[in-house]
Every structure is written in structure tokens, then in C-alpha cells.
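S.K.: See run_39.pdb below, with PDB, C-alpha atoms.
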ATOM      1  CA  MET A  22     -60.420  70.504 -65.486
ATOM      2  CA  GLY A  23     -60.453  70.733 -61.692
ATOM      3  CA  VAL A  24     -62.947  72.434 -59.447
ATOM      4  CA  ILE A  25     -61.766  74.825 -56.763
ATOM      5  CA  ASP A  26     -64.015  75.288 -53.754
ATOM      6  CA  LEU A  27     -63.454  78.777 -52.464
ATOM      7  CA  ASP A  28     -65.372  78.145 -49.194
ATOM      8  CA  LEU A  29     -62.731  75.751 -47.776
ATOM      9  CA  PRO A  30     -59.444  76.945 -46.303
ATOM     10  CA  PRO A  31     -56.314  75.571 -47.978
ATOM     11  CA  ALA A  32     -55.117  72.164 -46.708
ATOM     12  CA  ALA A  33     -52.389  72.353 -44.047
ATOM     13  CA  ARG A  34     -49.061  71.006 -45.167
ATOM     14  CA  PRO A  35     -47.211  68.663 -42.761
ATOM     15  CA  LEU A  36     -44.137  70.040 -41.071
ATOM     16  CA  PRO A  37     -40.811  68.760 -42.329
ATOM     17  CA  VAL A  38     -39.207  65.976 -40.260
ATOM     18  CA  ARG A  39     -36.544  68.236 -38.850
ATOM     19  CA  ARG A  40     -39.241  70.391 -37.234
ATOM     20  CA  ARG A  41     -40.766  67.441 -35.287
ATOM     21  CA  PRO A  42     -38.170  66.574 -32.624
ATOM     22  CA  ARG A  43     -40.739  65.067 -30.235
ATOM     23  CA  VAL A  44     -41.907  62.599 -32.877
ATOM     24  CA  MET A  45     -38.347  61.564 -33.669
ATOM     25  CA  LEU A  46     -37.546  61.184 -29.978
ATOM     26  CA  ALA A  47     -40.651  59.023 -29.477
ATOM     27  CA  VAL A  48     -39.762  56.802 -32.467
ATOM     28  CA  ALA A  49     -36.215  56.377 -31.166
ATOM     29  CA  GLY A  50     -37.581  55.464 -27.713
ATOM     30  CA  VAL A  51     -39.923  52.859 -29.154
ATOM     31  CA  LEU A  52     -37.111  51.315 -31.206
ATOM     32  CA  ALA A  53     -34.804  51.187 -28.155
ATOM     33  CA  ALA A  54     -37.509  49.588 -26.014
ATOM     34  CA  GLY A  55     -38.183  47.025 -28.747
ATOM     35  CA  MET A  56     -34.509  46.135 -28.920
ATOM     36  CA  VAL A  57     -34.297  45.704 -25.141
ATOM     37  CA  LEU A  58     -37.448  43.571 -24.988
ATOM     38  CA  GLY A  59     -36.345  41.511 -27.980
ATOM     39  CA  GLY A  60     -32.920  40.890 -26.447
ATOM     40  CA  ALA A  61     -34.498  39.851 -23.138
ATOM     41  CA  GLY A  62     -36.846  37.500 -24.982
ATOM     42  CA  VAL A  63     -33.996  35.851 -26.889
ATOM     43  CA  TRP A  64     -31.990  35.468 -23.666
ATOM     44  CA  ALA A  65     -34.976  33.863 -21.868
ATOM     45  CA  TRP A  66     -35.622  31.518 -24.797
ATOM     46  CA  SER A  67     -31.956  30.523 -24.900
ATOM     47  CA  ALA A  68     -31.846  29.852 -21.151
ATOM     48  CA  HIS A  69     -35.030  27.767 -21.372
ATOM     49  CA  HIS A  70     -33.675  25.874 -24.378
ATOM     50  CA  GLN A  71     -30.461  25.015 -22.514
ATOM     51  CA  ARG A  72     -32.446  23.693 -19.507
ATOM     52  CA  ALA A  73     -34.753  21.692 -21.756
ATOM     53  CA  GLU A  74     -32.005  19.908 -23.667
ATOM     54  CA  VAL A  75     -32.924  16.594 -22.015
ATOM     55  CA  ALA A  76     -36.476  15.292 -22.276
ATOM     56  CA  VAL A  77     -37.196  11.622 -21.668
ATOM     57  CA  VAL A  78     -40.445   9.659 -21.680
ATOM     58  CA  LEU A  79     -40.539   6.336 -19.829
ATOM     59  CA  LEU A  80     -43.247   3.744 -20.464
ATOM     60  CA  ALA A  81     -43.901   0.357 -18.870
ATOM     61  CA  ASP A  82     -43.612  -2.222 -21.653
ATOM     62  CA  ALA A  83     -47.028  -3.725 -22.382
ATOM     63  CA  GLY A  84     -45.865  -6.081 -25.122
ATOM     64  CA  PRO A  85     -46.315  -9.859 -25.118
ATOM     65  CA  GLN A  86     -43.024 -10.449 -23.264
ATOM     66  CA  ALA A  87     -43.597  -7.662 -20.745
ATOM     67  CA  ASN A  88     -44.181  -9.999 -17.806
ATOM     68  CA  ASP A  89     -41.686 -12.696 -18.829
ATOM     69  CA  GLY A  90     -38.942 -11.183 -16.647
ATOM     70  CA  GLY A  91     -37.616 -12.820 -13.525
ATOM     71  CA  VAL A  92     -39.524 -13.004 -10.263
ATOM     72  CA  GLY A  93     -37.904 -13.622  -6.906
ATOM     73  CA  GLY A  94     -38.329 -12.881  -3.275
ATOM     74  CA  THR A  95     -37.065 -13.129   0.247
ATOM     75  CA  VAL A  96     -38.798 -15.584   2.556
ATOM     76  CA  LEU A  97     -38.595 -15.162   6.319
ATOM     77  CA  HIS A  98     -40.419 -17.543   8.720
ATOM     78  CA  GLY A  99     -42.444 -18.959   5.852
ATOM     79  CA  ARG A 100     -43.640 -15.547   4.597
ATOM     80  CA  VAL A 101     -42.481 -13.536   1.621
ATOM     81  CA  THR A 102     -41.137 -10.232   2.935
ATOM     82  CA  ASP A 103     -39.669  -8.776  -0.267
ATOM     83  CA  ALA A 104     -40.491  -9.488  -3.873
ATOM     84  CA  SER A 105     -38.266  -8.709  -6.819
ATOM     85  CA  LEU A 106     -39.354  -8.401 -10.418
ATOM     86  CA  THR A 107     -37.394  -7.779 -13.569
ATOM     87  CA  ARG A 108     -39.516  -5.738 -15.942
ATOM     88  CA  ARG A 109     -38.925  -3.966 -19.196
ATOM     89  CA  VAL A 110     -39.503  -0.266 -19.688
ATOM     90  CA  VAL A 111     -39.334   1.690 -22.928
ATOM     91  CA  LEU A 112     -37.224   4.822 -22.875
ATOM     92  CA  VAL A 113     -37.993   7.506 -25.472
ATOM     93  CA  ASN A 114     -35.579  10.355 -26.107
ATOM     94  CA  ALA A 115     -38.024  13.233 -26.592
ATOM     95  CA  GLY A 116     -35.348  15.930 -26.458
ATOM     96  CA  PRO A 117     -33.341  17.591 -29.201
ATOM     97  CA  LEU A 118     -29.984  16.038 -28.222
ATOM     98  CA  PRO A 119     -28.635  12.486 -28.346
ATOM     99  CA  ILE A 120     -28.236  11.052 -24.829
ATOM    100  CA  ASP A 121     -26.370   8.243 -23.119
ATOM    101  CA  VAL A 122     -28.329   6.934 -20.112
ATOM    102  CA  ARG A 123     -25.949   6.397 -17.192
ATOM    103  CA  ALA A 124     -28.495   5.556 -14.455
ATOM    104  CA  LEU A 125     -32.226   4.961 -14.186
ATOM    105  CA  GLU A 126     -33.653   4.747 -10.667
ATOM    106  CA  ALA A 127     -36.700   5.325  -8.511
ATOM    107  CA  ASP A 128     -36.929   5.124  -4.751
ATOM    108  CA  ARG A 129     -40.006   5.502  -2.610
ATOM    109  CA  PRO A 130     -41.004   3.856   0.680
ATOM    110  CA  GLY A 131     -41.311   0.150   0.059
ATOM    111  CA  LEU A 132     -40.109   0.178  -3.546
ATOM    112  CA  THR A 133     -36.879   0.677  -5.468
ATOM    113  CA  LEU A 134     -36.247   0.481  -9.199
ATOM    114  CA  HIS A 135     -32.864   0.323 -10.948
ATOM    115  CA  GLY A 136     -32.203   0.094 -14.669
ATOM    116  CA  THR A 137     -29.829  -2.715 -15.531
ATOM    117  CA  ASP A 138     -29.021  -2.089 -19.203
ATOM    118  CA  GLN A 139     -26.011  -0.109 -20.276
ATOM    119  CA  ARG A 140     -26.980   1.599 -23.524
ATOM    120  CA  SER A 141     -24.969   3.599 -25.944
ATOM    121  CA  TRP A 142     -26.229   6.783 -27.543
ATOM    122  CA  ILE A 143     -29.972   7.210 -28.060
ATOM    123  CA  ARG A 144     -30.806   9.614 -30.870
ATOM    124  CA  PRO A 145     -33.627  12.178 -30.599
ATOM    125  CA  GLY A 146     -36.989  10.507 -31.244
ATOM    126  CA  GLU A 147     -35.554   7.014 -30.765
ATOM    127  CA  SER A 148     -37.017   4.531 -28.274
ATOM    128  CA  VAL A 149     -35.164   1.639 -26.677
ATOM    129  CA  PRO A 150     -36.202  -1.113 -24.274
ATOM    130  CA  VAL A 151     -34.457  -1.141 -20.898
ATOM    131  CA  ASP A 152     -34.622  -3.874 -18.255
ATOM    132  CA  ALA A 153     -35.288  -2.711 -14.715
ATOM    133  CA  ASP A 154     -35.034  -4.528 -11.407
ATOM    134  CA  VAL A 155     -37.917  -3.709  -9.079
ATOM    135  CA  ARG A 156     -37.675  -4.580  -5.377
ATOM    136  CA  ILE A 157     -40.867  -4.357  -3.346
ATOM    137  CA  VAL A 158     -41.236  -4.554   0.411
ATOM    138  CA  CYS A 159     -44.496  -6.515   0.455
ATOM    139  CA  ARG A 160     -45.985  -4.834   3.535
ATOM    140  CA  ARG A 161     -45.310  -1.261   2.345
ATOM    141  CA  GLY A 162     -44.626  -1.217  -1.387
ATOM    142  CA  LEU A 163     -48.027  -2.096  -2.822
ATOM    143  CA  PRO A 164     -49.907  -0.881  -4.751
ATOM    144  CA  ILE A 165     -47.512   0.328  -7.382
ATOM    145  CA  LYS A 166     -48.706   3.530  -9.018
ATOM    146  CA  LYS A 167     -46.959   6.311 -10.851
ATOM    147  CA  LEU A 168     -43.279   6.452  -9.958
ATOM    148  CA  PRO A 169     -41.014   9.475 -10.278
ATOM    149  CA  VAL A 170     -37.904   8.130 -12.006
ATOM    150  CA  ARG A 171     -34.528   9.900 -12.048
ATOM    151  CA  LEU A 172     -32.343   9.449 -15.090
ATOM    152  CA  THR A 173     -28.728  10.494 -15.207
ATOM    153  CA  VAL A 174     -27.730  11.077 -18.804
ATOM    154  CA  ARG A 175     -24.672  12.285 -20.645
ATOM    155  CA  THR A 176     -25.164  14.539 -23.654
ATOM    156  CA  ALA A 177     -22.954  15.014 -26.698
ATOM    157  CA  ASP A 178     -21.126  17.903 -25.006
ATOM    158  CA  ASN A 179     -19.980  15.365 -22.344
ATOM    159  CA  ARG A 180     -22.080  16.987 -19.595
ATOM    160  CA  GLU A 181     -24.025  14.852 -17.157
ATOM    161  CA  ARG A 182     -27.568  15.973 -16.490
ATOM    162  CA  THR A 183     -30.438  14.659 -14.409
ATOM    163  CA  ALA A 184     -33.933  14.336 -15.827
ATOM    164  CA  VAL A 185     -37.006  13.333 -13.856
ATOM    165  CA  THR A 186     -39.948  11.636 -15.519
ATOM    166  CA  THR A 187     -42.982   9.699 -14.338
ATOM    167  CA  LEU A 188     -43.474   6.010 -15.006
ATOM    168  CA  ASP A 189     -47.003   4.607 -14.791
ATOM    169  CA  ALA A 190     -46.177   1.142 -13.441
ATOM    170  CA  GLY A 191     -49.695   0.144 -12.360
ATOM    171  CA  GLN A 192     -49.609  -2.938 -14.596
ATOM    172  CA  TRP A 193     -46.935  -4.401 -12.296
ATOM    173  CA  ASN A 194     -49.357  -4.602  -9.347
ATOM    174  CA  GLU A 195     -50.735  -8.052 -10.105
ATOM    175  CA  PRO A 196     -47.383  -9.838 -10.601
ATOM    176  CA  ALA A 197     -46.038  -8.086  -7.479
ATOM    177  CA  ARG A 198     -49.104  -9.067  -5.428
ATOM    178  CA  VAL A 199     -48.817 -12.670  -6.592
ATOM    179  CA  ALA A 200     -45.073 -12.707  -5.788
ATOM    180  CA  CYS A 201     -45.727 -11.263  -2.312
ATOM    181  CA  ALA A 202     -48.351 -13.987  -1.740
ATOM    182  CA  GLY A 203     -45.653 -16.555  -2.501
ATOM    183  CA  ALA A 204     -47.421 -18.082  -5.498
ATOM    184  CA  LEU A 205     -44.586 -17.449  -7.981
ATOM    185  CA  LEU A 206     -41.614 -18.435  -5.821
TER     186      LEU A 206
END
With the file now loaded, output its structure as C-alpha cells.

M.R.:
Amino acid sequence: MGVIDLDLPPAARPLPVRRRPRVMLAVAGVLAAGMVLGGAGVWAWSAHHQRAEVAVVLLADAGPQANDGGVGGTVLHGRVTDASLTRRVVLVNAGPLPIDVRALEADRPGLTLHGTDQRSWIRPGESVPVDADVRIVCRRGLPIKKLPVRLTVRTADNRERTAVTTLDAGQWNEPARVACAGALL
């Protein structure tokens, strides 16, 4: 058996949906705004994803044969003016697409670097060793620090793209200094 409290007014019944046009208009507005914002978010993500298709990490090889590459130089009036080293770098494809590296190069005052290996496709997550020729103008190119390296790559859709990465080549300072002093020539 239920108890009826006669001191309280009867509970108000909600209006039917058709009598609340403002509420329906507000709900429709919120849904439309959500669709617009969601579409803009998907477009921005897609544009970012297309720009980020190529991601490469470049490391100076620190293995046991890292410094076994060639050393040369140019001697003028009994002094070494330019030193050249062949060093190995490790290229890691950190992007989502397979890539074919077409060129690997760095150029700053007193130092140039060019990759010499011609590789075929490098799958995502794969790392490969690449030989690089380093030419140092002894009076201006030392010390070697972090180098911005440009890579020209071709992706599976046959488009060429340029990626820039940084190579920490500080471990090449000592062999370069010794070559510039003429001790290795």
C-alpha cells in the first residue's frame, strides 16, 4: 500500500518533445558543430600523416670497425689542408613507409658529407649501414659536432621527398684532428 502526502503539490510532468523546439534546435546545433570539428580534426590528422610519411634516424657507427674506413688528405707546402675520412653511419627507417635513399648529404662551412652506398628499399623499422665520405677543411671544419643531414628518398608511391635529420658525429673529431695533423697520411 502506498502513502499519499497531501501537503505536496503533484509532480510536474515533462513537456512532450514536440513542445520543446529550443531544446531540439540546441541539440541539432551541437551535433552539427561536432561534425564540423570532427571533420576538421580528421583533415588535420591526414595532412600531418602525409607530411610525416618519411622519418629517418641517422647514427654514427660506433662498432669495432667504425674507424677502419679510409683516411686521406691534401698536402700543400708540407701542410695538410684538407682531410678526408670514410666513415659508416647507420640509417634507421623510423617512418611508416618503405624508402629508397637516393642521396645523403651534409654541407656546412669547412665540412661536407656524402653517402656513397646505393641501397634498395629499406622497410619500416629496418636499419642499414651506409658508408659516407667526409671532407674536412682543416682550418675551418673542426670540431665536428651535430650535423644536419639531408636525405632524398623515394617512397613506394614513386614520389621523391626530402627529410632532414641530425647526425651526432662528435666521435669523428679525433681521427679528423689526427688526419689534419698529418699523422695518418

S.K.: Quick one: of A:Ala53, A:Val48, A:Cys159, A:Leu168, who's nearest to Thr186 in chain A, counting only C-alpha atoms?

M.R.: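 The closest residue to Thr186 in chain A is A:Leu168.
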
S.K.: For this file, the PyMOL selection byres ((chain A and resi 135) around 7) selects which residues, as a list in words?

M.R.: Leu125, Glu126, Ala127, Thr133, Leu134, Gly136, Thr137, Ala153, Asp154 and Val155 of chain A

S.K.: Please compute the CA of Gly162 in chain A-CA of Val149 in chain A distance, one decimal, in Å.

M.R.: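 Straight-line distance from CA of Gly162 in chain A to CA of Val149 in chain A works out to 27.2 Å.
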
S.K.: Please indicate the distance in Å from CA of Ser148 in chain A to CA of Val110 in chain A, rounded to one decimal place.

M.R.: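 So the answer is 10.1 Å.
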
S.K.: Of the candidates A:Arg129, A:Arg140, A:Arg123, A:Arg161, which shows the shortest atom-to-atom distance to Arg175 in chain A, using all atoms listed in the file?

M.R.: A:Arg123

S.K.: Would you pick out the contacts of range 89-99 of chain A at 12 Å or less, using only C-alpha atoms, so that residues sharing its chain but fewer than 3 positions from it are not included, and give the list as number ranges by chain?

M.R.: A: 82-86, 102-110, 151-159, 193, 196-206

S.K.: For the selection you just gave me, I'd like the residues written to a file as a PDB file, in the coordinates of the input, keeping C-alpha atoms.

M.R.:
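Once everything was written out, this is result.pdb:
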ATOM      1  CA  ASP A  82     -43.612  -2.222 -21.653  1.00  0.00           C
ATOM      2  CA  ALA A  83     -47.028  -3.725 -22.382  1.00  0.00           C
ATOM      3  CA  GLY A  84     -45.865  -6.081 -25.122  1.00  0.00           C
ATOM      4  CA  PRO A  85     -46.315  -9.859 -25.118  1.00  0.00           C
ATOM      5  CA  GLN A  86     -43.024 -10.449 -23.264  1.00  0.00           C
ATOM      6  CA  THR A 102     -41.137 -10.232   2.935  1.00  0.00           C
ATOM      7  CA  ASP A 103     -39.669  -8.776  -0.267  1.00  0.00           C
ATOM      8  CA  ALA A 104     -40.491  -9.488  -3.873  1.00  0.00           C
ATOM      9  CA  SER A 105     -38.266  -8.709  -6.819  1.00  0.00           C
ATOM     10  CA  LEU A 106     -39.354  -8.401 -10.418  1.00  0.00           C
ATOM     11  CA  THR A 107     -37.394  -7.779 -13.569  1.00  0.00           C
ATOM     12  CA  ARG A 108     -39.516  -5.738 -15.942  1.00  0.00           C
ATOM     13  CA  ARG A 109     -38.925  -3.966 -19.196  1.00  0.00           C
ATOM     14  CA  VAL A 110     -39.503  -0.266 -19.688  1.00  0.00           C
ATOM     15  CA  VAL A 151     -34.457  -1.141 -20.898  1.00  0.00           C
ATOM     16  CA  ASP A 152     -34.622  -3.874 -18.255  1.00  0.00           C
ATOM     17  CA  ALA A 153     -35.288  -2.711 -14.715  1.00  0.00           C
ATOM     18  CA  ASP A 154     -35.034  -4.528 -11.407  1.00  0.00           C
ATOM     19  CA  VAL A 155     -37.917  -3.709  -9.079  1.00  0.00           C
ATOM     20  CA  ARG A 156     -37.675  -4.580  -5.377  1.00  0.00           C
ATOM     21  CA  ILE A 157     -40.867  -4.357  -3.346  1.00  0.00           C
ATOM     22  CA  VAL A 158     -41.236  -4.554   0.411  1.00  0.00           C
ATOM     23  CA  CYS A 159     -44.496  -6.515   0.455  1.00  0.00           C
ATOM     24  CA  TRP A 193     -46.935  -4.401 -12.296  1.00  0.00           C
ATOM     25  CA  PRO A 196     -47.383  -9.838 -10.601  1.00  0.00           C
ATOM     26  CA  ALA A 197     -46.038  -8.086  -7.479  1.00  0.00           C
ATOM     27  CA  ARG A 198     -49.104  -9.067  -5.428  1.00  0.00           C
ATOM     28  CA  VAL A 199     -48.817 -12.670  -6.592  1.00  0.00           C
ATOM     29  CA  ALA A 200     -45.073 -12.707  -5.788  1.00  0.00           C
ATOM     30  CA  CYS A 201     -45.727 -11.263  -2.312  1.00  0.00           C
ATOM     31  CA  ALA A 202     -48.351 -13.987  -1.740  1.00  0.00           C
ATOM     32  CA  GLY A 203     -45.653 -16.555  -2.501  1.00  0.00           C
ATOM     33  CA  ALA A 204     -47.421 -18.082  -5.498  1.00  0.00           C
ATOM     34  CA  LEU A 205     -44.586 -17.449  -7.981  1.00  0.00           C
ATOM     35  CA  LEU A 206     -41.614 -18.435  -5.821  1.00  0.00           C
TER      36      LEU A 206
END

S.K.: Which of these, A:Asp121, A:Leu79, A:Val24, A:Lys166, has the shortest distance to Ile143 in chain A once you count all atoms listed in the file?

M.R.: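 Going through A:Asp121, A:Leu79, A:Val24, A:Lys166 one by one, the smallest distance to Ile143 in chain A is for A:Asp121.
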
S.K.: Quick one, how far is CA of Thr173 in chain A from CA of Ala124 in chain A?

M.R.: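 Here the two named atoms are 5.0 Å from each other.
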
S.K.: Check which residues satisfy the PyMOL selection byres ((chain A and resi 118) around 12) in the file shown, then give them as a VMD selection string.

M.R.: chain A and resid 70 to 77 114 to 117 119 to 121 142 to 147 174 to 180 182

S.K.: Taking all atoms of range 142-147 of chain A that appear in the file, build a box with edges along x, y and z, extend it by 6 Å on every side, and state its centre and edge lengths in Å to one decimal, as lines of an AutoDock Vina configuration file.

M.R.:
center_x = -31.6
center_y = 9.5
center_z = -29.4
size_x = 22.8
size_y = 17.4
size_z = 15.7

S.K.: Out of A:Leu163, A:Val113, A:Ala65, A:Ala47, which residue has the shortest atom-to-atom distance to Ala81 in chain A when counting only C-alpha atoms?

M.R.: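 Closest to Ala81 in chain A of all the choices is A:Val113.
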